[in-house]
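Okay, entry30.cif now, which holds mmCIF, C-alpha atoms:
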```
data_start
#
loop_
_atom_site.label_atom_id
_atom_site.label_comp_id
_atom_site.auth_asym_id
_atom_site.auth_seq_id
_atom_site.Cartn_x
_atom_site.Cartn_y
_atom_site.Cartn_z
CA MET A 1 0.00 0.00 0.00
CA ARG A 2 1.21 3.48 -0.77
CA PRO A 3 1.87 5.58 2.32
CA ARG A 4 -0.72 8.28 2.89
CA ALA A 5 0.49 11.76 2.06
CA LYS A 6 0.54 14.31 4.83
CA ILE A 7 -1.74 17.28 4.23
CA ASN A 8 -0.64 20.77 5.19
CA ARG A 9 -2.74 22.27 8.01
CA ARG A 10 -3.31 25.37 5.91
CA ALA A 11 -4.85 23.35 3.07
CA PHE A 12 -8.00 24.70 1.39
CA LEU A 13 -10.71 23.23 -0.81
CA ARG A 14 -11.15 25.43 -3.87
CA GLY A 15 -14.47 25.57 -5.62
CA THR A 16 -16.17 27.53 -8.34
CA ALA A 17 -16.28 31.32 -8.40
CA GLY A 18 -12.98 31.44 -6.55
CA MET A 19 -14.53 30.35 -3.24
CA THR A 20 -12.31 28.58 -0.70
CA LEU A 21 -13.13 26.57 2.39
CA ALA A 22 -10.56 25.84 5.08
CA LEU A 23 -10.24 22.16 5.89
CA PRO A 24 -11.02 20.95 9.42
CA VAL A 25 -8.30 19.25 11.42
CA LEU A 26 -7.70 15.79 9.91
CA GLU A 27 -5.50 12.90 11.00
CA ALA A 28 -3.69 13.17 7.66
CA MET A 29 -2.39 16.57 8.69
CA GLY A 30 -0.05 14.92 11.15
CA LYS A 31 -0.07 13.81 14.75
CA LYS A 32 0.88 17.17 16.22
CA VAL A 33 -1.98 19.01 14.54
CA SER A 34 -4.63 16.33 14.98
CA GLU A 35 -3.90 16.16 18.71
CA ALA A 36 -4.30 19.92 19.17
CA THR A 37 -7.72 19.48 20.79
CA PRO A 38 -9.39 22.23 22.80
CA ARG A 39 -8.78 22.57 26.53
CA ARG A 40 -11.88 23.70 28.34
CA PHE A 41 -12.80 24.88 31.83
CA CYS A 42 -16.10 24.65 33.70
CA ALA A 43 -16.67 26.00 37.23
CA LEU A 44 -19.70 24.73 39.15
CA TYR A 45 -20.63 26.34 42.47
CA THR A 46 -23.11 25.30 45.13
CA ALA A 47 -23.83 27.55 48.09
CA ASN A 48 -24.05 26.85 51.83
CA GLY A 49 -21.34 24.19 51.86
CA MET A 50 -21.74 20.41 51.84
CA SER A 51 -22.93 18.03 54.51
CA LEU A 52 -20.09 16.99 56.82
CA PRO A 53 -22.12 15.36 59.62
CA HIS A 54 -20.93 15.53 63.20
CA THR A 55 -19.35 12.22 64.23
CA LYS A 56 -21.67 11.94 67.25
CA HIS A 57 -24.59 11.29 64.89
CA GLY A 58 -23.00 8.19 63.37
CA LEU A 59 -23.48 9.46 59.83
CA ASP A 60 -19.89 9.19 58.58
CA GLU A 61 -21.06 7.29 55.51
CA TRP A 62 -23.06 10.39 54.51
CA SER A 63 -20.10 12.80 54.60
CA TRP A 64 -19.40 14.60 51.33
CA PHE A 65 -15.66 14.27 51.95
CA PRO A 66 -14.63 10.58 52.11
CA ARG A 67 -14.17 9.32 55.68
CA ALA A 68 -13.09 5.74 54.97
CA GLU A 69 -10.50 3.85 52.92
CA LYS A 70 -10.42 0.34 51.48
CA ASP A 71 -7.40 -1.30 49.83
CA GLY A 72 -5.61 2.04 49.87
CA LYS A 73 -8.43 3.86 48.06
CA PHE A 74 -10.96 6.29 49.47
CA VAL A 75 -14.53 5.10 49.86
CA PHE A 76 -17.27 7.30 48.44
CA GLY A 77 -19.90 8.42 50.91
CA LYS A 78 -23.58 7.81 50.21
CA SER A 79 -24.04 11.37 48.97
CA THR A 80 -21.28 10.94 46.36
CA GLU A 81 -21.34 7.19 45.57
CA ALA A 82 -22.99 7.85 42.20
CA PHE A 83 -19.56 9.18 41.12
CA GLU A 84 -18.10 5.66 41.40
CA PRO A 85 -18.08 5.02 37.60
CA PHE A 86 -15.93 8.16 37.30
CA ARG A 87 -13.53 7.31 40.14
CA ASP A 88 -10.50 7.43 37.83
CA GLN A 89 -11.64 10.75 36.39
CA LEU A 90 -12.09 12.81 39.54
CA SER A 91 -10.39 13.74 42.81
CA PHE A 92 -11.43 15.32 46.10
CA LEU A 93 -9.24 18.10 47.52
CA GLY A 94 -9.40 18.89 51.23
CA GLY A 95 -7.98 21.65 53.41
CA LEU A 96 -8.41 24.43 50.83
CA TYR A 97 -9.21 27.99 51.85
CA HIS A 98 -8.94 31.62 50.79
CA PRO A 99 -6.84 33.60 53.34
CA ASN A 100 -9.35 36.46 53.32
CA GLY A 101 -12.30 34.14 53.86
CA PRO A 102 -12.14 34.06 57.68
CA LYS A 103 -11.68 37.86 57.71
CA SER A 104 -14.83 38.60 55.72
CA ASP A 105 -18.58 38.36 56.06
CA PRO A 106 -19.17 34.61 55.54
CA HIS A 107 -21.89 35.40 53.01
CA VAL A 108 -19.38 36.85 50.52
CA CYS A 109 -17.75 33.46 50.07
CA SER A 110 -19.39 33.01 46.68
CA ASP A 111 -18.05 36.40 45.56
CA MET A 112 -14.46 35.34 46.24
CA TRP A 113 -14.70 31.64 45.35
CA LEU A 114 -13.29 32.09 41.83
CA THR A 115 -11.29 35.25 42.56
CA GLY A 116 -9.59 34.81 45.94
CA ALA A 117 -9.72 38.58 46.26
CA PRO A 118 -9.51 40.51 49.55
CA LEU A 119 -13.06 41.58 50.37
CA GLN A 120 -12.72 43.12 53.82
CA ASP A 121 -13.36 46.68 52.66
CA PRO A 122 -16.61 47.15 50.69
CA LYS A 123 -15.83 50.89 50.40
CA ARG A 124 -13.09 50.21 47.87
CA GLU A 125 -13.91 51.41 44.37
CA VAL A 126 -13.03 47.98 42.98
CA TYR A 127 -14.63 45.46 45.28
CA ASN A 128 -13.32 42.30 43.65
CA SER A 129 -10.76 41.02 41.14
CA VAL A 130 -10.88 38.84 38.06
CA ALA A 131 -12.40 35.36 38.32
CA LEU A 132 -10.63 32.23 37.17
CA ASP A 133 -13.09 31.56 34.34
CA GLN A 134 -12.42 34.99 32.88
CA VAL A 135 -8.65 34.48 32.96
CA VAL A 136 -9.24 31.28 30.99
CA ALA A 137 -11.57 33.14 28.61
CA LYS A 138 -8.94 35.78 27.92
CA HIS A 139 -6.63 33.06 26.59
CA THR A 140 -9.20 30.95 24.73
CA LYS A 141 -11.63 33.45 23.20
CA GLN A 142 -9.63 33.70 19.98
CA PHE A 143 -10.50 30.08 19.21
CA CYS A 144 -14.27 30.12 19.75
CA ARG A 145 -17.46 32.02 19.03
CA GLN A 146 -18.11 33.22 22.59
CA PRO A 147 -15.45 34.29 25.12
CA SER A 148 -17.35 32.68 27.99
CA LEU A 149 -20.75 31.61 29.23
CA VAL A 150 -21.92 32.71 32.68
CA MET A 151 -24.96 30.93 34.12
CA SER A 152 -26.83 30.75 37.41
CA VAL A 153 -30.20 29.64 38.73
CA ASP A 154 -31.01 33.32 39.29
CA ALA A 155 -30.20 35.67 36.43
CA GLY A 156 -28.24 38.90 36.82
CA VAL A 157 -25.64 39.69 39.46
CA GLY A 158 -27.63 39.76 42.71
CA PHE A 159 -26.14 42.22 45.18
CA LEU A 160 -23.16 42.63 47.47
CA SER A 161 -22.69 39.59 49.76
CA ARG A 162 -25.71 37.89 48.17
CA THR A 163 -24.30 37.55 44.69
CA GLY A 164 -26.15 35.96 41.78
CA THR A 165 -23.02 35.25 39.78
CA ILE A 166 -19.59 33.75 40.46
CA SER A 167 -17.87 35.40 37.49
CA TYR A 168 -16.04 38.73 37.70
CA SER A 169 -14.45 40.76 34.91
CA THR A 170 -10.83 41.83 34.64
CA THR A 171 -11.82 45.03 36.45
CA GLY A 172 -13.49 43.12 39.29
CA LYS A 173 -17.08 43.84 38.25
CA PRO A 174 -19.74 41.09 38.50
CA ILE A 175 -20.72 39.61 35.15
CA PRO A 176 -24.48 39.06 34.86
CA ALA A 177 -25.50 35.41 34.67
CA GLU A 178 -28.14 33.85 32.43
CA ASN A 179 -30.74 31.37 33.67
CA ASP A 180 -33.24 30.84 30.87
CA PRO A 181 -32.47 27.68 28.83
CA ARG A 182 -34.29 28.90 25.74
CA GLN A 183 -32.54 32.27 25.70
CA ILE A 184 -29.17 30.61 26.25
CA PHE A 185 -29.83 28.10 23.47
CA ASN A 186 -30.95 30.78 21.01
CA ARG A 187 -27.92 32.95 21.70
CA LEU A 188 -25.50 30.07 21.32
CA PHE A 189 -27.04 28.13 18.45
CA ARG A 190 -29.42 30.37 16.52
CA ALA A 191 -27.42 33.51 15.90
CA ASP A 192 -27.82 34.98 12.41
CA ARG A 193 -27.25 38.35 10.79
CA ALA A 194 -30.81 39.55 11.40
CA SER A 195 -30.81 38.66 15.10
CA MET A 196 -27.35 40.18 15.57
CA GLU A 197 -28.43 43.44 13.95
CA SER A 198 -31.50 43.52 16.17
CA GLN A 199 -29.32 42.91 19.25
CA ARG A 200 -26.91 45.63 18.14
CA ASN A 201 -29.72 48.17 17.71
CA GLU A 202 -31.05 47.31 21.17
CA LEU A 203 -27.54 47.66 22.59
CA ARG A 204 -27.15 51.12 21.03
CA ARG A 205 -30.50 52.17 22.48
CA ARG A 206 -29.56 51.00 25.98
CA ILE A 207 -26.13 52.65 25.84
CA LYS A 208 -27.73 55.91 24.74
CA LEU A 209 -30.14 55.69 27.67
CA VAL A 210 -27.33 55.05 30.15
CA ASP A 211 -25.33 57.97 28.76
CA ALA A 212 -28.35 60.24 29.23
CA VAL A 213 -28.83 59.14 32.85
CA LEU A 214 -25.15 59.61 33.64
CA GLU A 215 -25.11 63.06 32.02
CA GLN A 216 -28.19 64.07 34.00
CA ALA A 217 -26.59 62.85 37.22
CA LYS A 218 -23.48 64.85 36.42
CA SER A 219 -25.48 68.04 35.80
CA LEU A 220 -27.29 67.55 39.11
CA ASN A 221 -24.07 67.42 41.12
CA GLN A 222 -23.93 63.64 41.37
CA THR A 223 -27.39 63.29 42.89
CA LEU A 224 -27.22 59.55 42.36
CA GLY A 225 -26.25 57.89 45.63
CA LYS A 226 -23.43 55.34 45.87
CA SER A 227 -25.84 52.41 45.63
CA ASP A 228 -27.42 53.81 42.45
CA ARG A 229 -24.01 54.57 40.93
CA ASP A 230 -22.95 51.00 41.66
CA LYS A 231 -26.07 49.71 39.93
CA MET A 232 -25.38 51.88 36.89
CA ASP A 233 -21.81 50.66 36.87
CA GLN A 234 -22.99 47.05 36.92
CA TYR A 235 -25.41 47.81 34.11
CA LEU A 236 -22.61 49.27 32.00
CA THR A 237 -20.56 46.15 32.67
CA SER A 238 -23.50 44.09 31.47
CA LEU A 239 -23.72 46.09 28.24
CA SER A 240 -20.00 45.71 27.71
CA GLU A 241 -20.33 41.93 28.02
CA VAL A 242 -23.18 41.92 25.48
CA GLU A 243 -21.11 43.97 23.05
CA GLU A 244 -18.11 41.66 23.41
CA ARG A 245 -20.29 38.63 22.70
CA LEU A 246 -21.74 40.29 19.60
CA VAL A 247 -18.32 41.19 18.23
CA ALA A 248 -17.11 37.63 18.78
CA SER A 249 -20.20 36.10 17.14
CA GLU A 250 -20.01 38.34 14.08
CA LYS A 251 -16.53 37.06 13.29
CA TRP A 252 -17.88 33.51 13.03
CA ILE A 253 -21.19 34.20 11.27
CA ASP A 254 -20.14 32.57 7.98
CA ILE A 255 -18.60 29.47 9.57
CA PRO A 256 -21.18 26.73 10.11
CA LEU A 257 -21.65 25.13 13.50
CA LYS A 258 -20.90 21.47 14.06
CA LYS A 259 -23.92 19.30 13.31
CA GLN A 260 -25.38 17.97 16.56
CA ASN A 261 -28.38 16.09 17.82
CA GLN A 262 -30.16 18.66 20.00
CA SER A 263 -33.49 16.84 20.30
CA HIS A 264 -32.90 15.94 23.97
CA ILE A 265 -32.81 19.57 25.09
CA ASN A 266 -35.92 20.63 26.99
CA LEU A 267 -36.04 24.37 26.38
CA ASN A 268 -39.25 24.63 28.40
CA ALA A 269 -37.45 23.72 31.62
CA HIS A 270 -37.30 26.56 34.13
CA SER A 271 -36.06 27.16 37.65
CA GLU A 272 -39.57 27.29 39.11
CA GLY A 273 -40.38 23.80 37.83
CA ASP A 274 -38.75 20.44 38.51
CA PRO A 275 -35.23 21.09 39.92
CA GLY A 276 -33.69 17.96 38.39
CA GLU A 277 -35.10 18.67 34.95
CA TYR A 278 -33.88 22.26 35.11
CA TYR A 279 -30.34 21.33 36.18
CA ARG A 280 -30.08 18.58 33.57
CA THR A 281 -31.18 20.98 30.85
CA MET A 282 -28.60 23.56 31.91
CA PHE A 283 -25.89 20.89 31.98
CA ASP A 284 -27.02 19.64 28.56
CA LEU A 285 -26.56 23.17 27.21
CA ILE A 286 -23.05 23.36 28.66
CA ALA A 287 -22.15 20.01 27.12
CA LEU A 288 -23.51 21.05 23.72
CA ALA A 289 -21.62 24.35 23.85
CA PHE A 290 -18.37 22.54 24.62
CA ASP A 291 -18.96 19.89 21.96
CA ALA A 292 -19.59 22.56 19.31
CA ASP A 293 -16.60 24.53 20.63
CA ILE A 294 -18.74 27.64 20.97
CA THR A 295 -16.89 28.58 24.15
CA ARG A 296 -14.14 27.05 26.29
CA SER A 297 -14.93 28.79 29.58
CA ILE A 298 -18.18 28.36 31.52
CA ALA A 299 -19.23 29.24 35.08
CA PHE A 300 -22.50 27.97 36.55
CA MET A 301 -23.82 28.97 39.98
CA LEU A 302 -26.16 26.20 41.14
CA ASN A 303 -27.33 27.96 44.33
CA ARG A 304 -27.02 31.35 46.04
CA GLU A 305 -25.83 31.95 49.58
CA ASP A 306 -27.94 32.62 52.66
CA GLY A 307 -31.28 31.37 51.40
CA MET A 308 -31.44 33.78 48.48
CA GLY A 309 -33.09 32.86 45.20
CA ILE A 310 -35.43 30.19 43.92
CA SER A 311 -33.02 27.29 44.48
CA ASP A 312 -33.35 27.59 48.27
CA THR A 313 -36.69 25.82 47.91
CA PHE A 314 -35.38 22.98 45.74
CA PRO A 315 -35.04 20.54 48.69
CA ILE A 316 -38.71 21.10 49.54
CA LYS A 317 -39.68 20.34 45.94
CA LEU A 318 -37.73 17.10 46.27
CA GLY A 319 -39.65 16.04 49.38
CA ILE A 320 -37.19 17.31 52.00
CA ASN A 321 -39.07 19.41 54.52
CA ARG A 322 -36.49 22.20 54.93
CA THR A 323 -34.90 24.81 52.68
CA HIS A 324 -31.31 24.50 51.49
CA HIS A 325 -30.00 27.28 53.73
CA SER A 326 -31.86 25.90 56.73
CA LEU A 327 -30.35 22.45 56.14
CA SER A 328 -26.86 23.92 56.13
CA HIS A 329 -27.43 25.14 59.70
CA ALA A 330 -28.87 21.85 60.95
CA LYS A 331 -27.23 20.48 64.09
CA ASP A 332 -29.58 17.56 64.64
CA LYS A 333 -29.11 14.13 63.08
CA ASP A 334 -32.20 14.27 60.90
CA GLY A 335 -31.31 17.70 59.53
CA GLN A 336 -27.74 16.73 58.71
CA LEU A 337 -28.93 13.55 57.02
CA ASN A 338 -31.37 15.51 54.86
CA PHE A 339 -28.62 17.99 53.99
CA ALA A 340 -26.55 15.04 52.76
CA LYS A 341 -29.51 13.75 50.74
CA TYR A 342 -29.65 17.08 48.92
CA ASP A 343 -25.91 16.74 48.23
CA LYS A 344 -26.77 13.34 46.73
CA PHE A 345 -29.32 15.01 44.46
CA LEU A 346 -26.64 17.43 43.22
CA THR A 347 -24.23 14.52 42.68
CA ASP A 348 -26.82 12.83 40.46
CA GLN A 349 -27.05 15.95 38.30
CA LEU A 350 -23.27 16.10 37.88
CA VAL A 351 -23.16 12.42 36.95
CA HIS A 352 -25.64 13.23 34.18
CA PHE A 353 -23.33 16.06 33.08
CA PHE A 354 -20.21 13.88 33.08
CA LYS A 355 -22.00 11.24 31.00
CA ARG A 356 -23.00 13.86 28.46
CA LEU A 357 -19.44 15.15 28.17
CA GLN A 358 -18.09 11.61 27.91
CA GLY A 359 -20.59 10.81 25.16
CA TYR A 360 -19.28 13.54 22.85
CA LYS A 361 -16.28 12.21 20.92
CA GLU A 362 -13.42 14.20 19.44
CA SER A 363 -10.16 12.95 17.91
CA ASN A 364 -9.29 9.77 19.84
CA SER A 365 -10.94 10.91 23.05
CA ASN A 366 -14.06 12.63 24.40
CA VAL A 367 -15.05 16.06 25.64
CA LEU A 368 -14.77 15.11 29.34
CA ASP A 369 -11.10 14.17 28.89
CA ASN A 370 -10.50 17.62 27.39
CA THR A 371 -12.48 19.55 29.99
CA LEU A 372 -11.39 20.42 33.51
CA VAL A 373 -14.45 20.66 35.78
CA LEU A 374 -14.13 22.42 39.14
CA TYR A 375 -17.00 21.72 41.56
CA GLY A 376 -17.26 23.09 45.07
CA SER A 377 -18.48 25.63 47.57
CA GLY A 378 -17.12 28.73 49.29
CA ALA A 379 -17.76 27.28 52.76
CA SER A 380 -17.60 23.85 54.30
CA THR A 381 -20.68 23.78 56.52
CA THR A 382 -22.60 26.51 58.37
CA HIS A 383 -20.71 29.25 56.51
CA LEU A 384 -17.28 28.09 57.68
CA PRO A 385 -14.77 29.43 55.09
CA LYS A 386 -12.19 26.68 55.62
CA ASN A 387 -11.71 23.16 54.29
CA LEU A 388 -13.72 24.20 51.22
CA PRO A 389 -15.44 21.18 49.63
CA THR A 390 -13.67 20.83 46.30
CA MET A 391 -13.71 18.28 43.52
CA ILE A 392 -11.85 18.34 40.21
CA ALA A 393 -13.02 16.09 37.39
CA GLY A 394 -12.11 15.39 33.78
CA GLY A 395 -9.01 16.66 32.05
CA ALA A 396 -7.38 13.25 31.49
CA ASN A 397 -5.67 14.62 28.39
CA MET A 398 -4.17 17.43 30.46
CA GLY A 399 -2.22 15.00 32.63
CA LEU A 400 -4.45 15.05 35.69
CA LYS A 401 -3.82 12.31 38.23
CA HIS A 402 -7.20 11.26 39.58
CA GLY A 403 -8.78 8.75 41.92
CA GLN A 404 -7.39 10.37 45.05
CA TYR A 405 -8.51 12.33 48.09
CA TRP A 406 -5.73 14.89 48.44
CA ARG A 407 -5.17 16.88 51.63
CA ASN A 408 -2.07 18.32 53.24
CA GLY A 409 -3.12 20.61 56.07
CA GLU A 410 -4.31 24.03 54.95
CA THR A 411 -3.62 25.00 51.33
CA GLN A 412 -4.46 28.27 49.61
CA MET A 413 -7.15 27.82 46.99
CA SER A 414 -5.38 30.24 44.67
CA ASN A 415 -2.41 27.88 44.44
CA VAL A 416 -4.77 25.24 43.07
CA PHE A 417 -6.25 27.80 40.67
CA LEU A 418 -2.79 28.59 39.36
CA SER A 419 -2.26 24.88 38.86
CA ILE A 420 -5.54 24.66 36.95
CA LEU A 421 -4.39 27.45 34.64
CA ARG A 422 -1.12 25.64 33.98
CA SER A 423 -2.99 22.42 33.19
CA LEU A 424 -5.11 24.35 30.69
CA GLY A 425 -1.98 25.67 29.02
CA VAL A 426 -2.43 29.19 30.41
CA GLU A 427 1.01 30.25 31.57
CA GLU A 428 0.21 32.94 34.12
CA ASP A 429 2.90 33.75 36.71
CA ASN A 430 0.38 33.96 39.53
CA PHE A 431 -3.29 34.12 40.36
CA ALA A 432 -4.76 36.37 43.07
CA ASP A 433 -2.79 35.67 46.28
CA SER A 434 -1.10 32.46 45.08
CA THR A 435 2.22 31.82 46.80
CA ARG A 436 3.78 29.06 44.71
CA THR A 437 3.62 27.44 41.32
CA SER A 438 4.15 23.85 42.46
CA ALA A 439 0.47 23.37 43.32
CA ARG A 440 0.29 21.42 40.08
CA GLU A 441 1.76 18.50 42.00
CA ILE A 442 -1.43 18.26 44.03
CA PHE A 443 -3.43 16.57 41.32
CA THR A 444 -1.34 16.11 38.18
CA ARG A 445 1.08 13.47 37.08
CA ALA A 446 4.77 14.32 37.08
#
```
As structure tokens, the full file:
Amino acid sequence: MRPRAKINRRAFLRGTAGMTLALPVLEAMGKKVSEATPRRFCALYTANGMSLPHTKHGLDEWSWFPRAEKDGKFVFGKSTEAFEPFRDQLSFLGGLYHPNGPKSDPHVCSDMWLTGAPLQDPKREVYNSVALDQVVAKHTKQFCRQPSLVMSVDAGVGFLSRTGTISYSTTGKPIPAENDPRQIFNRLFRADRASMESQRNELRRRIKLVDAVLEQAKSLNQTLGKSDRDKMDQYLTSLSEVEERLVASEKWIDIPLKKQNQSHINLNAHSEGDPGEYYRTMFDLIALAFDADITRSIAFMLNREDGMGISDTFPIKLGINRTHHSLSHAKDKDGQLNFAKYDKFLTDQLVHFFKRLQGYKESNSNVLDNTLVLYGSGASTTHLPKNLPTMIAGGANMGLKHGQYWRNGETQMSNVFLSILRSLGVEEDNFADSTRTSAREIFTRA
């Protein structure tokens, strides 16, 4: 047999009328090119911590963190045992914390979860710093249609210490989250010239309105109070995000999306309906977006802190007779057991997500192996900002060493974040208050 010729990566198909079409990445282009698969990041946040039952209740088997070992391997607790099929694709990390967590209002833990920023002084002009997902987006946006996707159960940004988003811009401003499956789907998969022009006209109208309000405030000697100025500032940030998305989408308008089967998506799901159906739909959208390479950076806030938002009632909808925030404060055996059962519900939703990612194939692997998923909370239990429940999954093609429960005393979360960036191929010198670059050793192979 004649050896197959190697095709240059810059090869084009030439058709009539001088039209050209760039070839997709093919095996015949050589091993180095065909293995240049995307590296993606997904941050998933749940509020109020995880259930870590008091030992006096005899509920060790319901602890979110493993409390037993067998044959040198950790044993999943009942609230996480559904992860067993993915044992070799995930790891628990214990002892993590943000140094400024204990110094701050415990309810701001979601604000700093992805940023690690000092939040002791709300009077500062810039309250926060850039979130991890946005650092990733800065380095990956050139390769995809959307810089990032920010989602939450409650749309918008919420408010100080009761945030509705976990993503913050490079200037430390909260990035509004989206929560409507149909709107998210339409923006990601049904963009065309007409809809983009309509969005751009609406954007111009809103910017003009904001300019008028700001000019009026200026002429009235800054009659807007600090709270109103902050709201206007957040609104301007929101418009800036919309404009950036439009610019990115317009560059890709003539390049067709990957053909996908989208029939399983339930765009009628909503946060006021069945919690499981809603979460699965949102995770299905994330998986589709990654598979189509629409974006490589996604943040999804599953719950808000301190009983805020619709998701606080999800346990009740599932037959548990207390709200999520109330369960996190439970000291009695029954309350702590029910808290763990809600953790189990969340585990089941993530298992669905992992299966979706694993089911999408690319090159000689699948999307899960090329996606690093960070799952956790900004507090352990009862708003304690130490020993943050943290799990890292996926990323097998990035050299992650999984199947372990890592802990080594107290470790700064930002060191792990720096390690995540390195695994994603983002060579930043530091992140937030990181103190070393060897955090990579925590969960990656040498």
With 12 Å as the cut-off and all atoms listed in the file counted, what is the closest atom pair between each nearby residue of range 299-402 of chain A and range 122-146 of chain A? Distances in Å to one decimal, ordered by chain and number, as JSON lines.
```
{"residue": "A:Ala299", "atom": "CA", "partner": "A:Asp133", "partner_atom": "CA", "distance": 6.6}
{"residue": "A:Phe300", "atom": "CA", "partner": "A:Asp133", "partner_atom": "CA", "distance": 10.3}
{"residue": "A:Leu372", "atom": "CA", "partner": "A:Asp133", "partner_atom": "CA", "distance": 11.3}
{"residue": "A:Val373", "atom": "CA", "partner": "A:Asp133", "partner_atom": "CA", "distance": 11.1}
{"residue": "A:Leu374", "atom": "CA", "partner": "A:Asp133", "partner_atom": "CA", "distance": 10.4}
```
Go through A:Ser363, A:Ser271, A:Phe65, A:Ser263 and flag the residue nearest Gly95 in chain A, using all atoms listed in the file for the distances. A:Phe65
Identify all residues satisfying the PyMOL selection byres ((chain A and resi 40) around 6) in the given file; provide them as a PDB file with C-alpha atoms, keeping the file's coordinate frame.
```
ATOM      1  CA  ARG A  39      -8.780  22.570  26.530  1.00  0.00           C
ATOM      2  CA  PHE A  41     -12.800  24.880  31.830  1.00  0.00           C
ATOM      3  CA  ARG A 296     -14.140  27.050  26.290  1.00  0.00           C
ATOM      4  CA  THR A 371     -12.480  19.550  29.990  1.00  0.00           C
TER       5      THR A 371
END
```
Please tabulate, as JSON lines, the residues of range 62-121 of chain A that come within 7 Å of range 391-402 of chain A, each with its closest pair of atoms and the distance in Å to one decimal, counting all atoms listed in the file and ordering rows by chain, then residue number upward.
```
{"residue": "A:Asp88", "atom": "CA", "partner": "A:His402", "partner_atom": "CA", "distance": 5.3}
{"residue": "A:Gln89", "atom": "CA", "partner": "A:Gly394", "partner_atom": "CA", "distance": 5.3}
{"residue": "A:Leu90", "atom": "CA", "partner": "A:Ala393", "partner_atom": "CA", "distance": 4.0}
{"residue": "A:Ser91", "atom": "CA", "partner": "A:His402", "partner_atom": "CA", "distance": 5.2}
{"residue": "A:Phe92", "atom": "CA", "partner": "A:Met391", "partner_atom": "CA", "distance": 4.5}
{"residue": "A:Leu93", "atom": "CA", "partner": "A:Met391", "partner_atom": "CA", "distance": 6.0}
```
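Between CA of Asn303 in chain A and CA of Glu178 in chain A there is a distance of 13.3 Å.
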List as JSON, numbers by chain the protein and nucleic acid residues near Leu327 in chain A, meaning an atom at most 10 Å away when all atoms listed in the file are counted, but skip any in the same chain fewer than 5 places from it. {"A": [48, 50, 51, 312, 315, 320, 321, 322, 332, 334, 335, 336, 337, 338, 339, 340, 342, 381, 382]}
Residues selected by the PyMOL selection byres ((chain A and resi 80) around 10), written as number ranges by chain: A: 61-66, 75-79, 81-84, 340-341, 343-348, 351
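Shortest atom-to-atom contact with Asn370 in chain A among A:Ala287, A:Ile316, A:Cys109, A:Leu302: A:Ala287, counting only C-alpha atoms.
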Residues matched by the PyMOL selection byres ((chain A and resi 101) around 12) as a short mmCIF file (atom, residue, chain, number, x, y, z; two decimals) with C-alpha atoms, keeping the file's coordinate frame:
```cif
data_model
loop_
_atom_site.label_atom_id
_atom_site.label_comp_id
_atom_site.auth_asym_id
_atom_site.auth_seq_id
_atom_site.Cartn_x
_atom_site.Cartn_y
_atom_site.Cartn_z
CA LEU A 96 -8.41 24.43 50.83
CA TYR A 97 -9.21 27.99 51.85
CA HIS A 98 -8.94 31.62 50.79
CA PRO A 99 -6.84 33.60 53.34
CA ASN A 100 -9.35 36.46 53.32
CA PRO A 102 -12.14 34.06 57.68
CA LYS A 103 -11.68 37.86 57.71
CA SER A 104 -14.83 38.60 55.72
CA ASP A 105 -18.58 38.36 56.06
CA PRO A 106 -19.17 34.61 55.54
CA HIS A 107 -21.89 35.40 53.01
CA VAL A 108 -19.38 36.85 50.52
CA CYS A 109 -17.75 33.46 50.07
CA SER A 110 -19.39 33.01 46.68
CA ASP A 111 -18.05 36.40 45.56
CA MET A 112 -14.46 35.34 46.24
CA TRP A 113 -14.70 31.64 45.35
CA THR A 115 -11.29 35.25 42.56
CA GLY A 116 -9.59 34.81 45.94
CA ALA A 117 -9.72 38.58 46.26
CA PRO A 118 -9.51 40.51 49.55
CA LEU A 119 -13.06 41.58 50.37
CA GLN A 120 -12.72 43.12 53.82
CA GLY A 378 -17.12 28.73 49.29
CA ALA A 379 -17.76 27.28 52.76
CA SER A 380 -17.60 23.85 54.30
CA HIS A 383 -20.71 29.25 56.51
CA LEU A 384 -17.28 28.09 57.68
CA PRO A 385 -14.77 29.43 55.09
CA LYS A 386 -12.19 26.68 55.62
CA ASN A 387 -11.71 23.16 54.29
CA LEU A 388 -13.72 24.20 51.22
CA GLN A 412 -4.46 28.27 49.61
CA MET A 413 -7.15 27.82 46.99
#
```
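Going from CA of Ile310 in chain A over to CA of Leu44 in chain A, you cover 17.3 Å.
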